[in-house]
>>> print(open('work.txt').read())   # compact mmCIF, C-alpha atoms and all ligand atoms
# COMPACT_ATOMS: atom_id res chain seq x y z
CA MET A 1332 68.52 69.17 248.37
CA ARG A 1333 71.56 67.60 249.97
CA THR A 1334 71.33 64.30 251.74
CA LEU A 1335 73.19 64.49 255.01
CA PRO A 1336 74.97 61.57 256.66
CA PHE A 1337 73.03 62.27 259.88
CA ASP A 1338 69.48 63.23 260.78
CA LYS A 1339 67.99 65.70 263.21
CA ALA A 1340 67.76 63.18 266.07
CA LYS A 1341 71.43 62.30 265.71
CA LEU A 1342 72.45 65.97 265.69
CA GLU A 1343 70.32 66.72 268.75
CA GLU A 1344 72.03 63.83 270.51
CA LEU A 1345 75.47 65.11 269.48
CA SER A 1346 74.68 68.66 270.52
CA SER A 1347 73.86 67.55 274.05
CA ARG A 1348 77.50 66.52 274.33
CA TRP A 1349 79.09 69.05 271.99
CA PRO A 1350 77.13 72.28 272.05
CA THR A 1351 76.68 73.95 268.67
CA PRO A 1352 78.40 75.22 266.68
CA PHE A 1353 80.69 72.36 265.70
CA HIS A 1354 82.25 70.98 262.56
CA ILE A 1355 81.67 67.33 261.72
CA TYR A 1356 83.41 65.27 259.01
CA ASP A 1357 82.14 62.12 257.34
CA ALA A 1358 84.95 59.53 257.46
CA LYS A 1359 83.25 57.07 255.17
CA ALA A 1360 82.70 59.62 252.43
CA ILE A 1361 86.25 60.95 252.73
CA ARG A 1362 87.62 57.42 252.33
CA ALA A 1363 85.42 56.66 249.33
CA ASN A 1364 86.53 59.89 247.69
CA ALA A 1365 90.23 59.25 248.41
CA LYS A 1366 89.88 55.86 246.79
CA ARG A 1367 88.18 57.40 243.75
CA LEU A 1368 91.08 59.77 243.29
CA LYS A 1369 93.68 57.02 243.65
CA ASP A 1370 91.86 54.77 241.21
CA ALA A 1371 91.63 57.54 238.62
CA PHE A 1372 95.41 57.75 238.46
CA SER A 1373 96.36 54.12 239.10
CA TRP A 1374 97.75 53.99 235.54
CA ASN A 1375 100.65 56.18 236.66
CA LYS A 1376 103.32 54.32 238.57
CA GLY A 1377 104.16 56.29 241.68
CA PHE A 1378 101.14 58.63 241.48
CA ARG A 1379 100.71 60.52 244.70
CA GLU A 1380 98.29 63.02 246.10
CA TYR A 1381 99.86 65.33 248.66
CA PHE A 1382 96.94 66.52 250.75
CA ALA A 1383 97.06 70.30 251.11
CA VAL A 1384 97.19 70.41 254.89
CA LYS A 1385 95.90 73.98 255.06
CA ALA A 1386 92.46 72.78 253.96
CA THR A 1387 91.81 70.70 257.08
CA PRO A 1388 94.82 70.70 259.38
CA ASN A 1389 93.57 68.06 261.77
CA PRO A 1390 95.82 65.08 262.62
CA HIS A 1391 92.92 62.62 262.56
CA ILE A 1392 91.87 63.66 259.08
CA MET A 1393 95.50 63.57 257.90
CA LYS A 1394 95.99 60.13 259.41
CA LEU A 1395 92.86 58.88 257.69
CA LEU A 1396 94.20 60.11 254.34
CA ASN A 1397 97.54 58.46 254.99
CA GLU A 1398 95.69 55.12 254.75
CA PHE A 1399 95.63 55.84 251.03
CA GLY A 1400 99.32 56.70 250.83
CA PHE A 1401 98.65 60.41 250.56
CA GLY A 1402 101.56 62.69 251.30
CA SER A 1403 101.32 66.11 252.92
CA ASP A 1404 101.55 69.42 251.08
CA CYS A 1405 102.86 71.90 253.63
CA SER A 1406 103.65 75.58 253.56
CA SER A 1407 104.42 76.52 257.15
CA MET A 1408 106.26 75.37 260.24
CA ALA A 1409 103.07 74.15 261.90
CA GLU A 1410 102.03 72.21 258.81
CA LEU A 1411 105.44 70.55 258.60
CA GLU A 1412 105.08 69.56 262.22
CA LEU A 1413 101.58 68.20 261.61
CA ALA A 1414 102.86 66.12 258.71
CA GLU A 1415 105.71 64.67 260.75
CA ARG A 1416 103.51 63.90 263.72
CA THR A 1417 100.96 62.10 261.58
CA GLY A 1418 103.62 59.90 260.02
CA ASN A 1419 104.72 61.71 256.86
CA THR A 1420 108.40 62.59 256.51
CA GLY A 1421 110.95 62.59 253.68
CA GLU A 1422 109.46 62.66 250.21
CA ALA A 1423 105.98 62.14 251.64
CA ILE A 1424 106.14 65.88 252.30
CA MET A 1425 105.93 68.46 249.55
CA PHE A 1426 107.00 71.83 250.90
CA THR A 1427 105.28 74.30 248.62
CA SER A 1428 105.50 77.66 250.31
CA ASN A 1429 106.09 81.25 249.32
CA ASP A 1430 107.75 84.19 251.04
CA THR A 1431 109.46 81.46 253.05
CA PRO A 1432 111.45 82.12 256.22
CA ALA A 1433 114.87 80.49 256.61
CA GLU A 1434 113.87 78.35 259.57
CA GLU A 1435 111.09 76.71 257.58
CA PHE A 1436 113.49 75.82 254.78
CA ARG A 1437 115.79 74.33 257.42
CA ARG A 1438 113.00 72.31 258.98
CA ALA A 1439 111.77 71.05 255.61
CA TRP A 1440 115.33 70.13 254.64
CA ASP A 1441 115.88 68.29 257.92
CA LEU A 1442 112.66 66.35 257.40
CA GLY A 1443 113.88 65.30 253.96
CA ALA A 1444 110.89 66.98 252.34
CA ILE A 1445 110.66 67.77 248.66
CA ILE A 1446 111.44 71.47 248.63
CA ASN A 1447 109.51 73.34 245.99
CA LEU A 1448 111.03 76.77 245.41
CA ASP A 1449 108.70 79.68 244.72
CA ASP A 1450 111.32 82.09 243.39
CA ILE A 1451 114.71 82.06 241.71
CA SER A 1452 116.24 84.05 244.57
CA HIS A 1453 115.23 81.30 246.98
CA TRP A 1454 117.88 78.93 245.67
CA ASP A 1455 120.70 81.00 247.18
CA PHE A 1456 118.51 81.76 250.19
CA LEU A 1457 117.99 78.03 250.72
CA LEU A 1458 121.71 77.31 250.47
CA THR A 1459 122.38 79.88 253.17
CA ALA A 1460 119.44 78.75 255.27
CA ILE A 1461 120.51 75.12 255.41
CA GLY A 1462 124.21 75.96 255.61
CA ALA A 1463 125.05 74.37 252.29
CA ASP A 1464 128.75 74.04 253.04
CA GLY A 1465 129.27 70.41 253.74
CA ARG A 1466 125.69 69.62 252.75
CA SER A 1467 125.13 67.50 249.74
CA PHE A 1468 122.24 67.57 247.36
CA ASP A 1469 123.15 64.06 246.38
CA GLY A 1470 119.97 62.03 246.46
CA ARG A 1471 117.85 65.07 247.29
CA ILE A 1472 115.08 66.01 244.94
CA MET A 1473 114.52 69.70 244.11
CA CYS A 1474 111.51 71.28 242.51
CA CYS A 1475 110.52 74.70 241.19
CA ARG A 1476 107.07 76.21 240.90
CA TYR A 1477 106.32 77.45 237.41
CA ASN A 1478 104.05 80.41 236.76
CA PRO A 1479 103.11 80.38 233.08
CA GLY A 1480 102.04 84.02 233.15
CA PRO A 1481 100.23 85.04 229.98
CA LEU A 1482 100.94 81.61 228.45
CA LYS A 1483 98.00 80.14 230.33
CA GLY A 1484 94.51 81.55 230.43
CA GLY A 1485 93.10 82.55 233.80
CA ASN A 1486 91.12 80.49 236.23
CA ALA A 1487 88.03 82.21 237.57
CA ILE A 1488 89.12 82.09 241.21
CA ILE A 1489 92.91 82.27 241.25
CA GLY A 1490 92.83 84.88 238.49
CA LYS A 1491 95.35 85.43 235.74
CA PRO A 1492 98.67 83.66 236.35
CA GLU A 1493 100.59 86.85 235.53
CA GLU A 1494 98.84 88.60 238.40
CA ALA A 1495 99.52 85.78 240.87
CA LYS A 1496 102.37 86.18 243.33
CA TYR A 1497 103.53 82.60 242.94
CA GLY A 1498 106.25 80.88 241.02
CA PHE A 1499 108.98 81.39 238.44
CA THR A 1500 108.75 82.90 235.00
CA ARG A 1501 109.70 80.59 232.20
CA GLU A 1502 113.15 82.12 231.80
CA GLN A 1503 113.81 81.95 235.53
CA LEU A 1504 112.80 78.30 235.58
CA PHE A 1505 115.31 77.33 232.92
CA GLY A 1506 117.93 79.41 234.72
CA CYS A 1507 117.33 77.93 238.14
CA ASP A 1508 117.20 74.32 236.99
CA ALA A 1509 120.52 74.88 235.19
CA LYS A 1510 122.01 76.45 238.30
CA MET A 1511 120.82 73.65 240.55
CA LYS A 1512 122.16 71.04 238.17
CA ALA A 1513 125.55 72.75 238.14
CA ALA A 1514 125.50 72.75 241.95
CA GLY A 1515 125.16 68.98 242.05
CA VAL A 1516 121.41 68.46 242.19
CA SER A 1517 120.66 65.29 240.28
CA ARG A 1518 116.98 64.70 241.03
CA PHE A 1519 114.30 67.10 239.80
CA GLY A 1520 110.60 67.71 239.91
CA LEU A 1521 108.45 70.33 238.25
CA HIS A 1522 105.42 72.05 239.77
CA THR A 1523 102.68 74.48 238.97
CA MET A 1524 99.41 75.54 240.55
CA VAL A 1525 97.20 77.64 238.36
CA ALA A 1526 93.70 76.65 239.42
CA SER A 1527 91.42 77.17 242.36
CA ASN A 1528 87.97 75.66 242.75
CA GLU A 1529 88.04 74.70 239.08
CA LEU A 1530 85.18 72.52 237.85
CA ASP A 1531 86.26 72.12 234.22
CA PRO A 1532 88.21 68.85 233.78
CA ASP A 1533 89.92 70.25 230.66
CA TYR A 1534 91.58 73.00 232.68
CA ILE A 1535 93.27 70.39 234.88
CA ILE A 1536 94.16 68.19 231.90
CA ASP A 1537 95.64 71.21 230.10
CA THR A 1538 97.75 71.99 233.15
CA ALA A 1539 99.23 68.49 233.04
CA LYS A 1540 99.85 68.86 229.30
CA MET A 1541 101.63 72.13 229.90
CA LEU A 1542 103.95 70.53 232.46
CA PHE A 1543 104.64 67.41 230.38
CA SER A 1544 105.64 69.64 227.44
CA LEU A 1545 107.71 71.90 229.65
CA ALA A 1546 109.52 68.91 231.18
CA GLY A 1547 110.34 67.87 227.62
CA GLU A 1548 111.71 71.29 226.75
CA LEU A 1549 113.76 71.46 229.94
CA HIS A 1550 115.07 68.00 229.19
CA ASP A 1551 116.15 69.04 225.72
CA ALA A 1552 117.75 72.25 226.93
CA LEU A 1553 119.40 71.05 230.13
CA GLY A 1554 119.54 67.27 229.94
CA ILE A 1555 117.36 66.89 233.03
CA ASP A 1556 115.06 63.90 233.42
CA PHE A 1557 112.23 65.01 235.69
CA GLU A 1558 111.09 62.38 238.16
CA PHE A 1559 107.71 63.96 238.66
CA VAL A 1560 105.42 66.72 237.62
CA ASN A 1561 103.09 68.14 240.26
CA ILE A 1562 99.98 69.77 238.82
CA GLY A 1563 99.07 71.40 242.14
CA GLY A 1564 95.61 71.46 243.66
CA GLY A 1565 92.61 73.49 242.67
CA ILE A 1566 90.06 70.86 241.74
CA GLY A 1567 86.74 72.40 242.63
CA ILE A 1568 83.61 71.12 244.30
CA PRO A 1569 79.98 71.81 243.46
CA TYR A 1570 79.06 74.33 246.14
CA ARG A 1571 75.99 75.49 244.23
CA PRO A 1572 72.95 73.43 243.37
CA GLY A 1573 73.11 72.41 239.74
CA GLN A 1574 76.90 72.28 239.61
CA ASN A 1575 78.53 68.93 238.99
CA ALA A 1576 81.48 67.44 240.80
CA MET A 1577 84.64 67.08 238.76
CA ASP A 1578 84.66 63.66 237.12
CA LEU A 1579 87.97 62.42 238.52
CA ALA A 1580 87.95 59.34 236.30
CA ALA A 1581 87.65 61.59 233.24
CA VAL A 1582 90.51 63.78 234.46
CA GLY A 1583 92.59 60.64 235.01
CA LYS A 1584 91.80 59.43 231.52
CA GLY A 1585 92.54 62.77 229.92
CA ILE A 1586 95.89 63.09 231.66
CA LYS A 1587 96.73 59.51 230.78
CA ALA A 1588 96.23 60.27 227.08
CA ALA A 1589 98.39 63.40 227.41
CA TYR A 1590 101.08 61.39 229.19
CA LYS A 1591 101.11 58.84 226.40
CA GLU A 1592 101.48 61.52 223.75
CA LEU A 1593 103.85 63.94 225.48
CA VAL A 1594 105.97 61.62 227.62
CA GLU A 1595 105.90 58.04 226.35
CA GLU A 1596 105.78 58.68 222.63
CA LYS A 1597 108.48 61.32 222.98
CA GLY A 1598 110.74 58.67 224.50
CA MET A 1599 111.04 60.46 227.82
CA LYS A 1600 111.71 58.55 231.01
CA PRO A 1601 108.66 57.67 233.10
CA MET A 1602 107.44 60.47 235.34
CA ARG A 1603 105.35 60.25 238.46
CA LEU A 1604 102.26 62.41 238.52
CA TYR A 1605 101.71 64.32 241.74
CA MET A 1606 98.89 66.57 242.80
CA GLU A 1607 98.23 68.52 245.96
CA CYS A 1608 94.50 68.96 246.28
CA GLY A 1609 92.84 70.07 249.46
CA ARG A 1610 89.33 71.28 248.76
CA CYS A 1611 88.11 68.31 246.73
CA ILE A 1612 89.51 65.83 249.26
CA THR A 1613 87.59 66.97 252.33
CA GLY A 1614 85.42 69.94 251.30
CA PRO A 1615 82.11 68.21 250.53
CA TYR A 1616 82.41 65.89 253.53
CA GLY A 1617 82.51 68.43 256.32
CA TYR A 1618 79.52 70.27 257.81
CA LEU A 1619 79.18 73.22 260.13
CA VAL A 1620 76.34 72.48 262.50
CA SER A 1621 74.74 75.47 264.14
CA ARG A 1622 71.51 76.56 265.75
CA VAL A 1623 69.18 79.47 265.18
CA ARG A 1624 69.61 81.84 268.09
CA HIS A 1625 67.32 84.67 267.06
CA ILE A 1626 64.92 85.57 264.30
CA LYS A 1627 64.91 89.26 263.56
CA ASN A 1628 62.44 91.05 261.32
CA THR A 1629 63.43 94.55 260.19
CA TYR A 1630 63.96 95.71 256.61
CA ARG A 1631 64.87 92.11 255.98
CA LEU A 1632 64.29 88.85 257.76
CA TYR A 1633 67.39 87.67 259.60
CA ALA A 1634 68.17 84.27 261.06
CA GLY A 1635 70.95 84.77 263.57
CA LEU A 1636 72.98 81.63 264.23
CA ASP A 1637 75.26 80.64 267.06
CA ALA A 1638 78.01 80.20 264.45
CA SER A 1639 79.69 83.18 262.85
CA MET A 1640 82.17 83.86 260.06
CA SER A 1641 84.92 82.92 262.50
CA ASN A 1642 83.68 79.32 262.03
CA LEU A 1643 83.45 79.56 258.25
CA MET A 1644 84.86 82.61 256.59
CA ARG A 1645 84.32 81.74 252.93
CA PRO A 1646 80.96 83.49 252.43
CA ALA A 1647 82.27 86.71 253.98
CA LEU A 1648 85.69 86.47 252.34
CA TYR A 1649 84.72 85.49 248.81
CA GLY A 1650 80.96 85.87 248.74
CA ALA A 1651 81.03 82.09 248.49
CA TYR A 1652 77.83 80.10 248.31
CA HIS A 1653 77.25 77.30 250.84
CA GLU A 1654 74.13 75.22 250.85
CA ILE A 1655 72.11 75.33 254.05
CA VAL A 1656 69.96 72.45 255.20
CA VAL A 1657 67.48 72.60 258.07
CA PRO A 1658 67.25 69.03 259.40
CA GLY A 1659 63.69 67.96 260.10
CA LYS A 1660 62.31 70.71 257.87
CA GLU A 1661 63.68 69.46 254.54
CA GLU A 1662 60.21 68.66 253.29
CA SER A 1663 58.60 71.74 254.73
CA GLY A 1664 56.50 73.51 252.12
CA THR A 1665 56.47 76.88 253.84
CA THR A 1666 59.51 78.98 253.20
CA SER A 1667 60.78 82.49 253.79
CA VAL A 1668 63.71 84.49 252.51
CA TYR A 1669 66.48 85.01 255.05
CA ASP A 1670 69.81 86.62 255.50
CA VAL A 1671 71.56 84.01 257.65
CA THR A 1672 73.96 85.79 259.95
CA GLY A 1673 76.47 85.27 262.70
CA SER A 1674 76.97 87.51 265.70
CA LEU A 1675 80.18 89.30 264.75
CA CYS A 1676 80.05 93.08 264.68
CA GLU A 1677 80.79 92.94 260.96
CA ASN A 1678 77.99 93.36 258.49
CA ASN A 1679 79.51 90.82 256.14
CA ASP A 1680 79.13 88.12 258.81
CA LYS A 1681 76.49 86.35 256.75
CA PHE A 1682 76.38 82.71 255.67
CA ALA A 1683 73.74 83.44 253.08
CA VAL A 1684 72.03 86.52 251.71
CA GLN A 1685 68.37 86.46 250.58
CA ARG A 1686 68.22 82.67 250.75
CA VAL A 1687 64.95 80.77 250.50
CA LEU A 1688 64.77 78.42 253.48
CA PRO A 1689 62.08 76.58 255.42
CA VAL A 1690 60.48 78.89 257.93
CA LEU A 1691 62.91 79.04 260.83
CA GLU A 1692 62.37 79.28 264.54
CA ARG A 1693 64.63 79.89 267.47
CA GLY A 1694 66.44 76.63 268.33
CA ASP A 1695 66.28 75.07 264.87
CA LEU A 1696 69.36 73.16 263.84
CA VAL A 1697 71.00 74.46 260.68
CA VAL A 1698 73.64 72.58 258.71
CA ILE A 1699 75.99 74.52 256.46
CA CYS A 1700 77.36 72.21 253.78
CA ASP A 1701 80.75 71.92 252.08
CA ALA A 1702 82.60 73.25 255.10
CA GLY A 1703 85.16 70.43 255.17
CA ALA A 1704 87.97 72.43 253.58
CA HIS A 1705 89.07 75.97 254.44
CA GLY A 1706 86.29 75.95 257.03
CA HIS A 1707 87.44 75.45 260.60
CA ALA A 1708 90.96 75.95 259.25
CA MET A 1709 90.33 79.62 258.49
CA GLY A 1710 88.85 80.20 261.93
CA PHE A 1711 89.87 83.17 264.01
CA GLN A 1712 89.15 84.84 267.30
CA TYR A 1713 88.12 88.32 266.25
CA ASN A 1714 85.41 89.81 268.46
CA GLY A 1715 86.29 87.26 271.13
CA LYS A 1716 84.88 84.34 269.19
CA LEU A 1717 86.21 80.90 270.04
CA ARG A 1718 87.01 78.15 267.60
CA SER A 1719 84.57 75.27 267.69
CA ALA A 1720 85.09 71.56 268.19
CA GLU A 1721 85.72 69.21 265.27
CA LEU A 1722 84.02 65.83 265.26
CA LEU A 1723 84.51 62.76 263.11
CA LEU A 1724 81.57 60.60 262.11
CA GLU A 1725 82.98 57.08 261.81
CA GLU A 1726 81.80 54.44 259.39
CA ASP A 1727 79.93 52.60 262.15
CA GLY A 1728 77.93 55.71 263.04
CA SER A 1729 79.89 56.52 266.17
CA VAL A 1730 81.23 60.04 266.62
CA ARG A 1731 84.62 61.02 267.96
CA GLU A 1732 85.90 64.41 269.02
CA ILE A 1733 89.03 65.17 267.00
CA ARG A 1734 89.53 68.69 268.30
CA ARG A 1735 88.02 70.17 271.41
CA ALA A 1736 86.31 73.53 271.35
CA GLU A 1737 88.36 76.46 272.56
CA THR A 1738 87.53 77.89 275.96
CA LEU A 1739 87.84 81.39 277.33
CA ASP A 1740 91.04 80.18 279.01
CA ASP A 1741 92.51 79.50 275.56
CA TYR A 1742 91.57 83.01 274.51
CA PHE A 1743 93.18 84.56 277.56
CA ALA A 1744 96.25 82.28 277.52
CA THR A 1745 98.39 84.74 275.57
CA LEU A 1746 97.34 87.82 277.54
CA ASP A 1747 99.11 89.12 280.60
CA PHE A 1748 97.14 91.10 283.19
CA ASN A 1749 100.07 91.45 285.57
CA GLY A 1750 101.25 94.95 286.34
CA LEU A 1751 98.26 96.68 284.84
C1 LIG B 1801 95.94 75.93 248.58
C2 LIG B 1801 96.96 75.15 247.86
C3 LIG B 1801 96.69 73.86 247.43
C4 LIG B 1801 95.36 73.22 247.58
O1 LIG B 1801 94.40 73.90 246.86
P1 LIG B 1801 92.89 73.34 246.81
O2 LIG B 1801 92.18 74.40 246.07
O3 LIG B 1801 92.45 73.20 248.21
O4 LIG B 1801 92.96 72.05 246.09
C5 LIG B 1801 97.71 73.16 246.83
N1 LIG B 1801 98.92 73.69 246.64
C6 LIG B 1801 99.22 74.93 247.03
C7 LIG B 1801 100.57 75.45 246.80
C8 LIG B 1801 98.25 75.70 247.65
O5 LIG B 1801 98.55 76.95 248.02
>>> encode(input="work.txt", output="structure tokens", more="lines below")
Ligand SMILES: *Cc1c(COP(=O)(O)O)cnc(C)c1O
Amino acid sequence: MRTLPFDKAKLEELSSRWPTPFHIYDAKAIRANAKRLKDAFSWNKGFREYFAVKATPNPHIMKLLNEFGFGSDCSSMAELELAERTGNTGEAIMFTSNDTPAEEFRRAWDLGAIINLDDISHWDFLLTAIGADGRSFDGRIMCCRYNPGPLKGGNAIIGKPEEAKYGFTREQLFGCDAKMKAAGVSRFGLHTMVASNELDPDYIIDTAKMLFSLAGELHDALGIDFEFVNIGGGIGIPYRPGQNAMDLAAVGKGIKAAYKELVEEKGMKPMRLYMECGRCITGPYGYLVSRVRHIKNTYRLYAGLDASMSNLMRPALYGAYHEIVVPGKEESGTTSVYDVTGSLCENNDKFAVQRVLPVLERGDLVVICDAGAHGHAMGFQYNGKLRSAELLLEEDGSVREIRRAETLDDYFATLDFNGL
């Protein structure tokens, strides 16, 4: 059973000010985790985590992570804007996008971001987008996203690399780096992202090995010294009971050994290690707090919450498992088996299917765990649902609203009833 950073009394107090459902993040735990990650890679001079903004695109969370020197991994106009407005510009932004529109390349360029191309055709597209005449790549760092295809075994979630829409083939990578070098680019990085919600440290270590080796081959072929390799995100979290969190220290150690063998002992110039994790940074430290609205007993027993999949889409989207805690009833010996649902007119609007929980009653508080990444962020307004508030639990126990709940006025703001 999970231990929560708040008890029932605290949640009741909060819900009198912020009606359920709401998301709440644990600042202390996020900080401790950020420090753990930094420490694991302190051996690498210039190591940087670029927080994948899409996981939890809230300025207060981003600002908190900036305390640890984290950069921002962005892939859209709004995310670039969020990064800038929370204090990250220039090479503190990694712009890793795909199917990119010209205006986003322009914005990323103007911010001085590290532009990470997803496709070989995007080099010419970028030149046009930024109006390369009169622009100089002098001093600008360029990066390409490698897709190893069949050269790397699949990750359970992201699937086989050769079926993923992202990145360059090996041949294209060599071609594009050569082309960029000929065009005057003198600073290079190398990127890949082949994992999602991966819990095996070796998979992450192998990814780093793959990039170190590739940087060596590109160096030999093209005379490029890569300043960094970015191993992407994809470190998983233990959503299910019995799973273990990734041992970040072990990953750090494993990558350090690979670095020694494949970079130092090969006489290559020092490289900075970058990563762009989202899920493992905030995921376990965010909670969706909801209340039982109805209990329904038909062919199955249903607990209907005041939250729905518009607050947390992962169970409906991926069949993902999220632990559910019923504060005040943790020790309760009497249980029942529930489908825990929301109120959307979609039968997959279920937070849990056939889950053993303490016997529930109307009004019970229910906490859905591991909602700190890709939770509120994936919210939507289908069926007229409104996005909830986001709260931050500070280290001193105080709670701050970091995003207000949407109102019906927000919902109607884009509609026009004139002239009907
Ligand atoms: C989603 C994403 C990440 C973060 O992935 P996590 O699984 O949240 O760590 C990093 N980089 C890119 C390019 C992504 O699309």
>>> closest_residue(input="work.txt", among="A:Asp1357, A:Asp1441, A:Asp1404, A:Glu1725", to="A:Pro1615", atoms="only C-alpha atoms")
A:Asp1357
>>> residues_near_ligand(input="work.txt", ligand="ligand LIG 1801 (chain B)", cutoff="8 Å", atoms="all atoms listed in the file", output="PDB file with C-alpha atoms, in the frame of the given file")
ATOM      1  CA  PHE A1382      96.940  66.520 250.750  1.00  0.00           C
ATOM      2  CA  ALA A1383      97.060  70.300 251.110  1.00  0.00           C
ATOM      3  CA  LYS A1385      95.900  73.980 255.060  1.00  0.00           C
ATOM      4  CA  ALA A1386      92.460  72.780 253.960  1.00  0.00           C
ATOM      5  CA  ASP A1404     101.550  69.420 251.080  1.00  0.00           C
ATOM      6  CA  SER A1406     103.650  75.580 253.560  1.00  0.00           C
ATOM      7  CA  THR A1427     105.280  74.300 248.620  1.00  0.00           C
ATOM      8  CA  SER A1428     105.500  77.660 250.310  1.00  0.00           C
ATOM      9  CA  MET A1524      99.410  75.540 240.550  1.00  0.00           C
ATOM     10  CA  ALA A1526      93.700  76.650 239.420  1.00  0.00           C
ATOM     11  CA  SER A1527      91.420  77.170 242.360  1.00  0.00           C
ATOM     12  CA  ASN A1528      87.970  75.660 242.750  1.00  0.00           C
ATOM     13  CA  GLY A1563      99.070  71.400 242.140  1.00  0.00           C
ATOM     14  CA  GLY A1564      95.610  71.460 243.660  1.00  0.00           C
ATOM     15  CA  GLY A1565      92.610  73.490 242.670  1.00  0.00           C
ATOM     16  CA  ILE A1566      90.060  70.860 241.740  1.00  0.00           C
ATOM     17  CA  GLY A1567      86.740  72.400 242.630  1.00  0.00           C
ATOM     18  CA  MET A1606      98.890  66.570 242.800  1.00  0.00           C
ATOM     19  CA  GLU A1607      98.230  68.520 245.960  1.00  0.00           C
ATOM     20  CA  CYS A1608      94.500  68.960 246.280  1.00  0.00           C
ATOM     21  CA  GLY A1609      92.840  70.070 249.460  1.00  0.00           C
ATOM     22  CA  ARG A1610      89.330  71.280 248.760  1.00  0.00           C
ATOM     23  CA  CYS A1611      88.110  68.310 246.730  1.00  0.00           C
ATOM     24  CA  ILE A1612      89.510  65.830 249.260  1.00  0.00           C
ATOM     25  CA  ALA A1704      87.970  72.430 253.580  1.00  0.00           C
ATOM     26  CA  HIS A1705      89.070  75.970 254.440  1.00  0.00           C
TER      27      HIS A1705
END
>>> atom_distance(input="work.txt", atom1="atom CA of A:Glu1380", atom2="atom CA of A:Gly1480")
25.0 Å
>>> atom_distance(input="work.txt", atom1="atom CA of A:Asn1575", atom2="atom CA of A:Gly1377")
28.7 Å
>>> closest_residue(input="work.txt", among="A:Gly1573, A:Arg1367, A:Met1602, A:Tyr1669", to="A:Leu1632", atoms="only C-alpha atoms")
A:Tyr1669
>>> residues_near_point(input="work.txt", point="(83.4, 75.9, 268.0)", cutoff="9 Å", atoms="all atoms listed in the file", output="list in words")
Pro1350, Thr1351, Pro1352, Phe1353, His1354, Ala1638, Asn1642, His1707, Lys1716, Leu1717, Arg1718, Ser1719, Ala1720, Glu1721, Arg1735, Ala1736 and Glu1737 of chain A
>>> closest_residue(input="work.txt", among="A:Arg1379, A:Lys1591, A:Arg1571, A:Lys1597", to="A:Asp1701", atoms="all atoms listed in the file")
A:Arg1571
>>> closest_residue(input="work.txt", among="A:Leu1696, A:Leu1675, A:Leu1688, A:Ile1655", to="A:Tyr1713", atoms="all atoms listed in the file")
A:Leu1675
